[in-house]
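Data file: work-v6.csv. Format and content: CSV, C-alpha atoms and all ligand atoms.
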chain,number,residue,atom,x,y,z
D,1,ARG,CA,-29.7,180.7,257.0
D,2,ARG,CA,-30.6,184.1,258.3
D,3,SER,CA,-32.4,186.3,255.9
D,4,ARG,CA,-31.1,189.9,255.5
D,5,ILE,CA,-33.2,192.7,256.8
D,6,TYR,CA,-33.4,195.7,254.6
D,7,GLY,CA,-34.8,199.2,255.2
D,8,ILE,CA,-36.4,200.6,258.2
D,9,TRP,CA,-36.7,197.4,260.2
D,10,ARG,CA,-33.0,197.3,260.5
D,11,PHE,CA,-33.7,200.0,263.2
D,12,LYS,CA,-36.3,198.0,265.0
D,13,GLU,CA,-34.7,198.7,268.4
D,14,PHE,CA,-35.4,202.4,267.7
D,15,LEU,CA,-39.0,201.9,266.7
D,16,PRO,CA,-41.7,202.0,269.3
D,17,ILE,CA,-43.5,198.8,268.2
D,18,LYS,CA,-42.5,195.2,268.8
D,19,THR,CA,-43.5,192.8,266.1
D,20,SER,CA,-42.0,189.7,264.7
D,21,ASN,CA,-43.9,190.0,261.5
D,22,PRO,CA,-43.8,193.4,259.9
D,23,ILE,CA,-45.6,194.3,256.7
D,24,THR,CA,-42.5,195.3,254.7
D,25,MET,CA,-41.1,195.6,251.2
D,26,GLY,CA,-37.7,196.8,252.1
D,27,GLU,CA,-38.7,200.5,252.3
D,28,GLY,CA,-35.9,202.9,253.3
D,29,SER,CA,-32.2,202.3,252.5
D,30,THR,CA,-32.6,204.8,249.8
D,31,PRO,CA,-29.6,206.2,247.9
D,32,LEU,CA,-27.7,209.3,249.2
D,33,VAL,CA,-26.3,210.7,246.0
D,34,ARG,CA,-23.7,213.4,245.9
D,35,VAL,CA,-24.6,216.1,243.3
D,36,GLU,CA,-21.5,218.0,242.3
D,37,LYS,CA,-23.0,220.2,239.7
D,38,LEU,CA,-25.5,221.4,242.2
D,39,GLU,CA,-22.7,221.9,244.8
D,40,LYS,CA,-21.2,224.5,242.4
D,41,LEU,CA,-24.5,226.2,241.8
D,42,ILE,CA,-25.4,226.3,245.5
D,43,GLY,CA,-21.9,227.2,246.5
D,44,VAL,CA,-21.3,224.9,249.5
D,45,ARG,CA,-18.8,222.1,250.1
D,46,ARG,CA,-21.1,219.2,249.7
D,47,VAL,CA,-24.7,218.7,248.5
D,48,TYR,CA,-26.4,215.3,248.7
D,49,VAL,CA,-29.8,214.2,247.5
D,50,LYS,CA,-31.5,211.6,249.7
D,51,PHE,CA,-33.6,210.0,246.9
D,52,GLU,CA,-36.8,208.9,248.4
D,53,GLY,CA,-38.2,208.1,245.0
D,54,ALA,CA,-36.3,204.9,245.3
D,55,ASN,CA,-38.8,203.5,247.8
D,56,PRO,CA,-41.1,200.6,246.8
D,57,THR,CA,-44.0,202.9,245.8
D,58,GLY,CA,-41.7,205.8,244.8
D,59,SER,CA,-42.0,208.1,247.8
D,60,PHE,CA,-40.9,208.5,251.4
D,61,LYS,CA,-44.4,207.6,252.5
D,62,ASP,CA,-43.5,203.9,252.5
D,63,ARG,CA,-41.3,204.3,255.6
D,64,GLY,CA,-44.2,205.2,257.8
D,65,MET,CA,-46.7,203.1,255.9
D,66,SER,CA,-44.9,199.9,256.7
D,67,LEU,CA,-45.2,200.7,260.4
D,68,ALA,CA,-48.8,201.9,260.3
D,69,ILE,CA,-50.1,199.0,258.2
D,70,THR,CA,-48.3,196.6,260.5
D,71,LEU,CA,-50.2,198.1,263.5
D,72,ALA,CA,-53.5,198.3,261.5
D,73,ARG,CA,-53.3,194.6,261.0
D,74,GLU,CA,-52.4,193.9,264.6
D,75,SER,CA,-55.2,196.0,265.8
D,76,GLY,CA,-57.6,193.8,264.0
D,77,SER,CA,-59.1,196.6,261.8
D,78,LYS,CA,-60.9,195.5,258.7
D,79,ALA,CA,-60.4,198.7,256.7
D,80,VAL,CA,-57.9,201.5,256.5
D,81,VAL,CA,-58.7,205.1,255.4
D,82,ALA,CA,-56.3,207.8,254.1
D,83,ALA,CA,-56.8,211.3,252.8
D,84,SER,CA,-54.1,212.1,250.3
D,85,THR,CA,-52.7,214.3,247.6
D,86,GLY,CA,-51.6,211.0,246.0
D,87,ASN,CA,-48.5,209.5,247.5
D,88,THR,CA,-49.9,208.5,250.8
D,89,ALA,CA,-52.7,206.9,248.8
D,90,ALA,CA,-50.4,204.9,246.6
D,91,SER,CA,-48.4,203.7,249.5
D,92,ALA,CA,-51.4,202.9,251.6
D,93,ALA,CA,-53.0,200.9,248.7
D,94,ALA,CA,-49.8,198.9,248.2
D,95,TYR,CA,-49.1,198.0,251.8
D,96,ALA,CA,-52.7,197.4,252.7
D,97,SER,CA,-52.9,194.9,249.8
D,98,ARG,CA,-50.0,193.0,251.4
D,99,ALA,CA,-51.8,193.0,254.7
D,100,SER,CA,-55.2,192.0,253.1
D,101,LEU,CA,-56.9,195.1,254.4
D,102,LEU,CA,-59.7,197.0,252.6
D,103,THR,CA,-58.4,200.5,251.6
D,104,PHE,CA,-60.5,203.6,251.3
D,105,LEU,CA,-58.7,206.6,249.7
D,106,LEU,CA,-60.0,210.2,249.9
D,107,LEU,CA,-58.6,212.2,247.1
D,108,PRO,CA,-59.1,215.8,245.9
D,109,ARG,CA,-60.8,215.4,242.6
D,110,GLY,CA,-58.7,216.3,239.6
D,111,LYS,CA,-55.7,217.2,241.7
D,112,VAL,CA,-53.8,213.9,242.0
D,113,ALA,CA,-51.0,213.2,239.6
D,114,LEU,CA,-51.5,210.5,237.1
D,115,GLY,CA,-48.9,208.0,238.3
D,116,LYS,CA,-50.2,208.1,241.9
D,117,MET,CA,-53.8,207.6,240.6
D,118,ALA,CA,-52.5,204.6,238.5
D,119,GLN,CA,-50.9,203.0,241.5
D,120,SER,CA,-54.0,203.4,243.7
D,121,ILE,CA,-56.1,201.7,240.9
D,122,LEU,CA,-53.6,199.0,240.3
D,123,HIS,CA,-53.5,198.0,244.0
D,124,GLY,CA,-57.3,197.8,244.1
D,125,ALA,CA,-58.1,200.5,246.6
D,126,ILE,CA,-61.6,202.0,246.8
D,127,ILE,CA,-61.2,205.6,245.6
D,128,VAL,CA,-63.4,208.4,246.8
D,129,GLU,CA,-62.8,211.6,244.8
D,130,ILE,CA,-63.9,214.6,246.8
D,131,GLU,CA,-65.0,217.9,245.2
D,132,GLY,CA,-62.7,220.0,247.3
D,133,ASN,CA,-59.0,220.1,248.3
D,134,PHE,CA,-56.8,217.9,250.5
D,135,ASP,CA,-57.9,219.7,253.6
D,136,ASP,CA,-61.5,218.6,253.0
D,137,ALA,CA,-60.3,215.0,252.4
D,138,LEU,CA,-58.4,215.1,255.7
D,139,GLU,CA,-61.5,216.3,257.5
D,140,THR,CA,-63.4,213.4,256.1
D,141,ALA,CA,-60.7,210.9,257.2
D,142,ARG,CA,-60.7,212.3,260.7
D,143,ARG,CA,-64.4,211.8,261.0
D,144,LEU,CA,-64.3,208.3,259.6
D,145,ALA,CA,-61.5,207.4,261.9
D,146,GLN,CA,-63.8,208.1,264.9
D,147,ARG,CA,-65.6,204.9,263.9
D,148,GLU,CA,-63.8,201.8,265.1
D,149,GLU,CA,-64.0,200.0,261.8
D,150,PHE,CA,-61.5,202.3,260.2
D,151,TYR,CA,-57.8,202.5,261.0
D,152,PRO,CA,-56.5,206.0,260.0
D,153,LEU,CA,-53.3,206.3,257.9
D,154,ASN,CA,-52.8,210.0,257.9
D,155,SER,CA,-49.9,211.7,259.6
D,156,PHE,CA,-52.1,212.7,262.6
D,157,ASN,CA,-51.4,209.0,263.2
D,158,PRO,CA,-48.0,209.4,265.0
D,159,TRP,CA,-46.7,205.9,264.0
D,160,ARG,CA,-46.2,207.1,260.4
D,161,LEU,CA,-43.8,209.7,261.7
D,162,GLU,CA,-41.9,207.0,263.7
D,163,GLY,CA,-41.2,205.2,260.4
D,164,GLN,CA,-40.2,208.4,258.6
D,165,LYS,CA,-37.6,209.3,261.2
D,166,THR,CA,-35.4,206.5,260.0
D,167,LEU,CA,-34.3,208.7,257.1
D,168,ALA,CA,-32.2,210.6,259.7
D,169,TYR,CA,-30.5,207.4,260.8
D,170,GLU,CA,-29.6,206.4,257.3
D,171,VAL,CA,-28.1,209.8,256.5
D,172,PHE,CA,-26.1,209.6,259.8
D,173,GLU,CA,-24.7,206.1,258.9
D,174,GLU,CA,-23.4,207.4,255.6
D,175,ILE,CA,-22.1,210.9,256.3
D,176,GLY,CA,-22.6,211.7,260.0
D,177,VAL,CA,-24.8,214.7,260.9
D,178,PRO,CA,-25.0,217.2,258.0
D,179,ASP,CA,-25.1,220.9,258.6
D,180,HIS,CA,-28.4,221.4,256.9
D,181,VAL,CA,-31.4,219.2,255.9
D,182,VAL,CA,-33.7,220.7,253.3
D,183,VAL,CA,-37.2,219.2,253.2
D,184,PRO,CA,-40.4,220.0,251.1
D,185,VAL,CA,-43.3,220.7,253.4
D,186,GLY,CA,-46.9,220.0,252.8
D,187,ASN,CA,-48.9,218.7,255.8
D,188,ALA,CA,-45.7,219.2,257.7
D,189,GLY,CA,-45.1,215.7,259.1
D,190,ASN,CA,-41.9,214.6,257.4
D,191,ILE,CA,-39.7,217.5,258.5
D,192,SER,CA,-40.7,216.9,262.1
D,193,ALA,CA,-40.1,213.2,261.7
D,194,ILE,CA,-36.6,213.7,260.3
D,195,TRP,CA,-35.8,216.2,263.1
D,196,LYS,CA,-36.9,213.7,265.7
D,197,GLY,CA,-34.5,211.1,264.2
D,198,PHE,CA,-31.6,213.4,264.5
D,199,LYS,CA,-32.5,214.5,268.0
D,200,GLU,CA,-32.7,210.8,269.1
D,201,LEU,CA,-29.2,210.2,267.7
D,202,LYS,CA,-27.9,213.0,269.8
D,203,ASN,CA,-29.9,212.2,273.0
D,204,TRP,CA,-28.7,208.6,272.9
D,205,GLY,CA,-25.1,209.6,272.5
D,206,TYR,CA,-24.5,208.5,268.9
D,207,SER,CA,-23.8,212.1,267.7
D,208,ASP,CA,-22.9,215.4,269.2
D,209,THR,CA,-24.3,217.8,266.7
D,210,LEU,CA,-27.7,218.5,265.1
D,211,PRO,CA,-28.5,219.7,261.6
D,212,ARG,CA,-30.4,222.9,260.9
D,213,MET,CA,-33.8,222.1,259.3
D,214,ALA,CA,-35.1,224.1,256.3
D,215,GLY,CA,-38.7,223.6,255.3
D,216,ILE,CA,-39.7,224.5,251.8
D,217,GLN,CA,-43.2,225.4,250.7
D,218,ALA,CA,-44.7,226.3,247.3
D,219,GLU,CA,-45.9,229.8,246.8
D,220,GLY,CA,-49.7,229.7,246.8
D,221,SER,CA,-49.6,226.8,249.3
D,222,SER,CA,-47.3,228.3,251.9
D,223,PRO,CA,-49.3,228.8,255.1
D,224,ILE,CA,-46.3,228.0,257.3
D,225,ALA,CA,-43.4,229.4,255.4
D,226,SER,CA,-45.1,232.7,254.5
D,227,ALA,CA,-46.1,233.3,258.1
D,228,PHE,CA,-42.6,232.4,259.4
D,229,LYS,CA,-41.0,234.9,256.9
D,230,LEU,CA,-43.4,237.6,258.1
D,231,GLY,CA,-42.2,237.0,261.7
D,232,LEU,CA,-45.6,235.7,262.9
D,233,ASP,CA,-45.8,232.9,265.4
D,234,ALA,CA,-48.6,230.8,263.8
D,235,PRO,CA,-49.4,229.9,260.2
D,236,LEU,CA,-51.7,231.7,257.8
D,237,PHE,CA,-54.1,229.0,256.8
D,238,THR,CA,-55.5,229.3,253.3
D,239,GLU,CA,-58.8,228.0,251.9
D,240,ASN,CA,-57.6,227.8,248.3
D,241,PRO,CA,-54.1,226.4,248.1
D,242,GLU,CA,-52.6,226.3,244.6
D,243,THR,CA,-49.4,225.0,243.1
D,244,LEU,CA,-48.4,222.6,240.3
D,245,ALA,CA,-46.6,220.6,242.9
D,246,THR,CA,-49.9,218.9,243.8
D,247,ALA,CA,-48.3,216.7,246.5
D,248,ILE,CA,-47.9,219.8,248.7
D,249,ARG,CA,-51.1,221.6,247.7
D,250,ILE,CA,-52.3,222.0,251.3
D,251,GLY,CA,-53.8,225.0,252.9
D,252,LYS,CA,-54.1,223.8,256.6
D,253,PRO,CA,-51.2,221.6,257.5
D,254,VAL,CA,-52.2,219.4,260.4
D,255,ASN,CA,-48.7,219.0,261.8
D,256,TRP,CA,-47.7,222.7,261.4
D,257,PHE,CA,-46.8,223.0,265.1
D,258,LYS,CA,-44.3,220.1,265.0
D,259,ALA,CA,-42.7,221.5,261.9
D,260,TRP,CA,-42.5,225.0,263.3
D,261,LYS,CA,-40.8,223.5,266.4
D,262,ALA,CA,-38.3,221.5,264.3
D,263,VAL,CA,-37.3,224.7,262.5
D,264,THR,CA,-37.1,227.0,265.5
D,265,GLU,CA,-35.4,224.4,267.8
D,266,SER,CA,-32.8,223.7,265.1
D,267,SER,CA,-32.1,227.4,264.3
D,268,GLY,CA,-33.3,226.6,260.8
D,269,THR,CA,-35.7,228.4,258.5
D,270,PHE,CA,-38.7,228.2,256.1
D,271,GLU,CA,-38.5,229.3,252.5
D,272,VAL,CA,-41.1,229.8,249.8
D,273,VAL,CA,-40.4,228.9,246.1
D,274,SER,CA,-42.4,229.6,243.1
D,275,ASP,CA,-43.8,227.0,240.7
D,276,SER,CA,-41.2,228.2,238.1
D,277,ASP,CA,-38.4,227.7,240.7
D,278,ILE,CA,-39.7,224.2,241.2
D,279,ILE,CA,-39.8,223.4,237.5
D,280,ARG,CA,-36.3,224.8,237.0
D,281,ALA,CA,-35.0,222.7,239.9
D,282,GLN,CA,-36.8,219.6,238.5
D,283,ARG,CA,-35.0,220.2,235.2
D,284,LEU,CA,-31.6,220.7,236.8
D,285,LEU,CA,-31.9,217.6,238.9
D,286,ALA,CA,-33.0,215.5,235.9
D,287,ARG,CA,-30.7,217.0,233.2
D,288,GLU,CA,-27.5,217.7,235.3
D,289,GLU,CA,-27.6,214.9,237.8
D,290,GLY,CA,-29.8,212.1,236.3
D,291,ILE,CA,-32.3,212.2,239.2
D,292,ALA,CA,-36.1,212.2,238.3
D,293,ALA,CA,-38.1,214.0,240.9
D,294,GLU,CA,-41.8,214.9,240.9
D,295,PRO,CA,-42.3,218.6,241.3
D,296,ALA,CA,-42.9,218.5,245.1
D,297,GLY,CA,-39.7,216.4,245.4
D,298,ALA,CA,-37.7,219.0,243.5
D,299,ALA,CA,-39.0,221.7,245.9
D,300,SER,CA,-36.1,221.0,248.3
D,301,ILE,CA,-33.6,221.7,245.5
D,302,ALA,CA,-35.4,224.9,244.5
D,303,GLY,CA,-35.3,225.8,248.2
D,304,ALA,CA,-31.6,225.2,248.6
D,305,ILE,CA,-30.9,227.3,245.5
D,306,LYS,CA,-33.1,230.1,246.8
D,307,LEU,CA,-31.5,229.9,250.3
D,308,ALA,CA,-28.1,230.1,248.7
D,309,GLN,CA,-29.1,233.2,246.8
D,310,ASN,CA,-30.3,234.8,250.0
D,311,GLY,CA,-26.9,234.1,251.6
D,312,TYR,CA,-28.2,231.5,254.0
D,313,PHE,CA,-25.1,229.2,253.6
D,314,ASN,CA,-21.5,230.2,254.4
D,315,GLY,CA,-20.0,227.9,251.8
D,316,ASP,CA,-18.3,225.4,254.1
D,317,GLU,CA,-21.4,223.2,254.8
D,318,THR,CA,-22.8,219.8,254.0
D,319,VAL,CA,-26.4,220.1,252.8
D,320,VAL,CA,-28.8,217.2,252.4
D,321,CYS,CA,-31.8,217.8,250.1
D,322,VAL,CA,-34.6,215.3,250.6
D,323,VAL,CA,-36.1,214.5,247.2
D,324,THR,CA,-39.4,213.1,248.4
D,325,GLY,CA,-41.0,211.5,245.3
D,326,HIS,CA,-40.1,210.0,241.9
D,327,GLY,CA,-40.5,211.8,238.6
D,328,LEU,CA,-42.6,208.9,237.3
D,329,LYS,CA,-45.3,209.9,239.7
D,330,ASP,CA,-46.3,213.0,237.7
D,331,PRO,CA,-45.8,212.3,234.0
D,332,ASP,CA,-47.8,215.4,233.1
D,333,SER,CA,-45.1,217.7,234.6
D,334,VAL,CA,-42.8,217.0,231.7
D,335,LYS,CA,-45.0,219.4,229.6
D,336,PHE,CA,-43.1,222.2,231.2
D,337,HIS,CA,-39.7,221.1,229.8
D,338,PRO,CA,-38.3,221.7,226.4
D,339,THR,CA,-37.8,218.6,224.4
D,340,THR,CA,-36.5,217.5,221.0
D,341,ARG,CA,-38.6,214.9,219.3
D,342,LEU,CA,-37.8,214.0,215.7
D,343,ARG,CA,-40.2,212.2,213.5
D,344,ALA,CA,-38.8,209.9,210.8
D,345,MET,CA,-40.6,208.2,207.9
D,346,SER,CA,-38.0,205.4,207.3
D,347,VAL,CA,-34.7,204.0,208.6
D,348,ASP,CA,-32.7,206.2,206.1
D,349,ASP,CA,-34.7,209.2,207.2
D,350,ALA,CA,-34.1,208.5,210.8
D,351,ILE,CA,-30.4,208.1,210.3
D,352,GLU,CA,-30.2,211.3,208.3
D,353,LYS,CA,-32.1,213.2,211.1
D,354,VAL,CA,-29.9,211.8,213.9
D,355,ILE,CA,-26.7,212.8,212.1
D,356,LYS,CA,-28.0,216.2,211.3
D,357,SER,CA,-29.1,216.7,214.9
D,358,LEU,CA,-25.7,215.6,216.2
D,359,MET,CA,-23.9,218.1,213.8
D,360,GLU,CA,-26.1,220.9,215.0
D,361,ARG,CA,-25.1,220.3,218.5
D,362,SER,CA,-21.3,219.7,218.2
D,401,LIG,N1,-43.2,215.6,249.0
D,401,LIG,C1,-44.1,214.7,248.5
D,401,LIG,C2,-43.7,214.0,247.2
D,401,LIG,C3,-45.3,214.4,249.2
D,401,LIG,O1,-46.1,213.5,248.7
D,401,LIG,C4,-45.6,215.1,250.4
D,401,LIG,C5,-46.9,214.9,251.1
D,401,LIG,C6,-44.7,216.0,250.8
D,401,LIG,C7,-43.5,216.2,250.2
D,401,LIG,C8,-44.9,216.8,252.1
D,401,LIG,O2,-44.7,216.0,253.2
D,401,LIG,O3,-46.9,216.4,254.3
D,401,LIG,O4,-45.0,215.4,255.6
D,401,LIG,O5,-45.0,217.8,254.9
D,401,LIG,N2,-47.8,214.2,250.6
D,401,LIG,C9,-49.0,213.8,251.3
D,401,LIG,C10,-49.8,212.8,250.6
D,401,LIG,C11,-49.8,215.0,251.8
D,401,LIG,O6,-51.1,212.7,250.8
D,401,LIG,O7,-49.2,212.0,249.8
D,401,LIG,P1,-45.5,216.4,254.6

Represent the supplied structure as structure tokens.
Ligand code: F0G
Amino acid sequence: RRSRIYGIWRFKEFLPIKTSNPITMGEGSTPLVRVEKLEKLIGVRRVYVKFEGANPTGSFKDRGMSLAITLARESGSKAVVAASTGNTAASAAAYASRASLLTFLLLPRGKVALGKMAQSILHGAIIVEIEGNFDDALETARRLAQREEFYPLNSFNPWRLEGQKTLAYEVFEEIGVPDHVVVPVGNAGNISAIWKGFKELKNWGYSDTLPRMAGIQAEGSSPIASAFKLGLDAPLFTENPETLATAIRIGKPVNWFKAWKAVTESSGTFEVVSDSDIIRAQRLLAREEGIAAEPAGAASIAGAIKLAQNGYFNGDETVVCVVTGHGLKDPDSVKFHPTTRLRAMSVDDAIEKVIKSLMERS
């Protein structure tokens, strides 16, 4: 009996590594969800969410991690090292456990969301909390990776991006090539990976169009998007990035050039959204469409809304927003949302309060 292959390894002919024994948990094959209420708000024909929160560790990082950890094991490394704002860490910890590799995670102290921290602990990684930001952690990873004992798992490792490009293939299988793909941008790897996937489909003769890529950064951590909007031709690196979307709190994106190329080659754009735009988008997605995104994941929705307000869309397009991480990753972010919590002293009291609450609302 042949076992079914799920996720990114369905596309193994398109991946640049040959292995008969990948380290996999069925990453990829995530839902593409049509979001009709957001369609009305954004004012285009179709809007889809590619929900990367549905990956095994809850973010798109698993696509690339499966590939990178497979290679780490085949290279005979004893240990892997990753700098992270949290999701790469959680994914690395999980996949490295499966491959029986020792995992060192370099994290900016106090700036990693609770769920990601919990995952890294649960999978038994060695956690190094650095007094500094992600950019300092990445510098540490780069230096450690010069020693042959350590296999690096950051996106300066090109294999990660080869795994992440499979998102484009999946979208194409379901709806063909969309007009726009909107992607949150931090270290700037994912947007270039997705663009690579769509370009391959065209170069190999599967499709004859390309999407326009829109990269979204958070105000306060927008070295690429702010510079692009000012008409500059290189980013404005920042020493002190800030945003409540901690996943994309990055001042010196290592892959900025690839992201810049993806946007300019595709006649796309970059946009900046505020933290309050992000929280509003997180709420809309959760309360109108049932999709839980962590703040950075909701940045693509906030970006699409802002682009619509600026007249970027003509109304006839299909837009895919990549929601990069699950809402469970960042439980603290719910403090920004209004909630109704009733306290009851007994069964009768609870029933009375529920009925009263229903009456007030209908
Ligand atoms: N969204 C989420 C949820 C992320 O975790 C990240 C990056 C991004 C978007 C941005 O992707 O860096 O390819 O532009 N997180 C990295 C990490 C930095 O360490 O988990 P990018």

Note to self: Measuring between all atoms listed in the file, which one of D:Ser66, D:Ser155, D:Ser120, D:Asn55 shows the shortest distance to ligand LIG 401 (chain D)?
What the structure shows: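 So, comparing all the options, the nearest one is D:Ser155.
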
>> Rounded to one decimal, what separation in Å do you get between atom CA of Ser192 of chain D and atom CA of Ile5 of chain D?
In response: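 Here the two named atoms are 25.9 Å from each other.
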
### Message
Env of segment 207-221 of chain D: 7 Å cut, atoms = all atoms listed in the file, seq-sep filter 5 positions within chain, self excluded. Answer as a PyMOL selection string.
### Response
chain D and resi 177-186+191+198-199+201-202+241-243+249-251+262-263+266-275+299-300+303

How would the residues just picked look written out with C-alpha atoms as a PDB file, in the frame of the given file?
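Produced file selection.pdb, reproduced below:
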ATOM      1  CA  VAL D 177     -24.800 214.700 260.900  1.00  0.00           C
ATOM      2  CA  PRO D 178     -25.000 217.200 258.000  1.00  0.00           C
ATOM      3  CA  ASP D 179     -25.100 220.900 258.600  1.00  0.00           C
ATOM      4  CA  HIS D 180     -28.400 221.400 256.900  1.00  0.00           C
ATOM      5  CA  VAL D 181     -31.400 219.200 255.900  1.00  0.00           C
ATOM      6  CA  VAL D 182     -33.700 220.700 253.300  1.00  0.00           C
ATOM      7  CA  VAL D 183     -37.200 219.200 253.200  1.00  0.00           C
ATOM      8  CA  PRO D 184     -40.400 220.000 251.100  1.00  0.00           C
ATOM      9  CA  VAL D 185     -43.300 220.700 253.400  1.00  0.00           C
ATOM     10  CA  GLY D 186     -46.900 220.000 252.800  1.00  0.00           C
ATOM     11  CA  ILE D 191     -39.700 217.500 258.500  1.00  0.00           C
ATOM     12  CA  PHE D 198     -31.600 213.400 264.500  1.00  0.00           C
ATOM     13  CA  LYS D 199     -32.500 214.500 268.000  1.00  0.00           C
ATOM     14  CA  LEU D 201     -29.200 210.200 267.700  1.00  0.00           C
ATOM     15  CA  LYS D 202     -27.900 213.000 269.800  1.00  0.00           C
ATOM     16  CA  PRO D 241     -54.100 226.400 248.100  1.00  0.00           C
ATOM     17  CA  GLU D 242     -52.600 226.300 244.600  1.00  0.00           C
ATOM     18  CA  THR D 243     -49.400 225.000 243.100  1.00  0.00           C
ATOM     19  CA  ARG D 249     -51.100 221.600 247.700  1.00  0.00           C
ATOM     20  CA  ILE D 250     -52.300 222.000 251.300  1.00  0.00           C
ATOM     21  CA  GLY D 251     -53.800 225.000 252.900  1.00  0.00           C
ATOM     22  CA  ALA D 262     -38.300 221.500 264.300  1.00  0.00           C
ATOM     23  CA  VAL D 263     -37.300 224.700 262.500  1.00  0.00           C
ATOM     24  CA  SER D 266     -32.800 223.700 265.100  1.00  0.00           C
ATOM     25  CA  SER D 267     -32.100 227.400 264.300  1.00  0.00           C
ATOM     26  CA  GLY D 268     -33.300 226.600 260.800  1.00  0.00           C
ATOM     27  CA  THR D 269     -35.700 228.400 258.500  1.00  0.00           C
ATOM     28  CA  PHE D 270     -38.700 228.200 256.100  1.00  0.00           C
ATOM     29  CA  GLU D 271     -38.500 229.300 252.500  1.00  0.00           C
ATOM     30  CA  VAL D 272     -41.100 229.800 249.800  1.00  0.00           C
ATOM     31  CA  VAL D 273     -40.400 228.900 246.100  1.00  0.00           C
ATOM     32  CA  SER D 274     -42.400 229.600 243.100  1.00  0.00           C
ATOM     33  CA  ASP D 275     -43.800 227.000 240.700  1.00  0.00           C
ATOM     34  CA  ALA D 299     -39.000 221.700 245.900  1.00  0.00           C
ATOM     35  CA  SER D 300     -36.100 221.000 248.300  1.00  0.00           C
ATOM     36  CA  GLY D 303     -35.300 225.800 248.200  1.00  0.00           C
TER      37      GLY D 303
END

Residues contacting ligand LIG 401 (chain D) - anything with an atom at most 8 Å away, using all atoms listed in the file - can you give me those as a PyMOL selection string? chain D and resi 59-61+82-90+134+154-155+183-192+247-250+253+255+294-297+323-326

For segment 327-337 of chain D: contacts at 6 Å, only C-alpha atoms, fewer than 3 positions along chain excluded, given as a ChimeraX atom specification: /D:113-116,292-294

Could you jot down the atom CA of Leu102 of chain D to atom CA of Lys12 of chain D separation for me, Å, one decimal place?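 Value for the atom CA of Leu102 of chain D-atom CA of Lys12 of chain D distance: 26.5 Å.
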
Contacts of segment 123-130 of chain D at 7 Å (only C-alpha atoms; same-chain gap of 5+ positions) as a list in words: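 Returned residues: Ala93, Ala94, Ser97, Thr103, Phe104, Leu105, Leu106, Leu107, Pro108, Arg109 and Ala137 of chain D.
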
For C-alpha atoms, I'd like the residues from the last selection saved as a PDB file, keeping the file's coordinate frame.
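See out14.pdb below for the written result:
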ATOM      1  CA  ALA D  93     -53.000 200.900 248.700  1.00  0.00           C
ATOM      2  CA  ALA D  94     -49.800 198.900 248.200  1.00  0.00           C
ATOM      3  CA  SER D  97     -52.900 194.900 249.800  1.00  0.00           C
ATOM      4  CA  THR D 103     -58.400 200.500 251.600  1.00  0.00           C
ATOM      5  CA  PHE D 104     -60.500 203.600 251.300  1.00  0.00           C
ATOM      6  CA  LEU D 105     -58.700 206.600 249.700  1.00  0.00           C
ATOM      7  CA  LEU D 106     -60.000 210.200 249.900  1.00  0.00           C
ATOM      8  CA  LEU D 107     -58.600 212.200 247.100  1.00  0.00           C
ATOM      9  CA  PRO D 108     -59.100 215.800 245.900  1.00  0.00           C
ATOM     10  CA  ARG D 109     -60.800 215.400 242.600  1.00  0.00           C
ATOM     11  CA  ALA D 137     -60.300 215.000 252.400  1.00  0.00           C
TER      12      ALA D 137
END

(Q) Report, in Å with one decimal, the straight-line distance from atom CA of Ser20 of chain D to atom CA of Ala96 of chain D. (A)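 If I compute the distance from atom CA of Ser20 of chain D to atom CA of Ala96 of chain D, I get 17.8 Å.
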
Between D:Ala234, D:Tyr95, D:Lys37, D:Val47, which is the closest to Lys258 of chain D once you count only C-alpha atoms?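 Ranked by minimum distance to Lys258 of chain D, first place goes to D:Ala234.
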
Handout entry: Residue nearest Ser91 of chain D - candidates D:Ile42, D:Ile279, D:Leu153, D:Leu32, atoms counted: all atoms listed in the file
Key =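 Using all atoms listed in the file, Ser91 of chain D sits closest to D:Leu153.
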
Shortest contact to Trp159 of chain D, candidates D:Gly64, D:Gly28, D:Gly7, D:Gly58, atoms counted all atoms listed in the file, goes to D:Gly64

Discussion item. Considering all atoms listed in the file, can you say which of D:Phe228, D:Ala304, D:Gln309, D:Glu74 comes closest to Ile17 of chain D?
Written reply: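 With all atoms listed in the file as the atom set, the closest residue is D:Glu74.
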
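Across D:Pro338, D:Pro31, D:Gly163, D:Gly76, the tightest approach to Arg10 of chain D is made by D:Gly163 when counting all atoms listed in the file.
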
As JSON, what would the box around segment 272-282 of chain D look like: edges along x, y and z, 6 Å added on every side, centre and edge lengths in Å to one decimal?
{"center_x": -39.4, "center_y": 224.7, "center_z": 243.4, "size_x": 20.8, "size_y": 22.2, "size_z": 24.8}

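Neighbourhood of point (-41.2, 199.7, 266.2): residues with an atom at most 10 Å away, counting all atoms listed in the file, are Ile8, Trp9, Phe11, Lys12, Glu13, Phe14, Leu15, Pro16, Ile17, Lys18, Thr19, Pro22, Leu67, Ala68, Thr70, Leu71, Trp159, Glu162 and Gly163 of chain D.
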
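Taking only C-alpha atoms, the non-local environment of Asp316 of chain D within 10 Å (same-chain residues fewer than 6 positions away omitted) comprises D:Gly43, D:Val44, D:Arg45, D:Arg46, D:Asp179.
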
- [ ] Counting only C-alpha atoms, select every polymer residue within 10 Å of (-34.1, 214.7, 221.5) as defined in the file's coordinates, and provide the selection as a list of chain:residue names.
- [x] D:Pro338, D:Thr339, D:Thr340, D:Arg341, D:Leu342, D:Val354, D:Ser357, D:Leu358
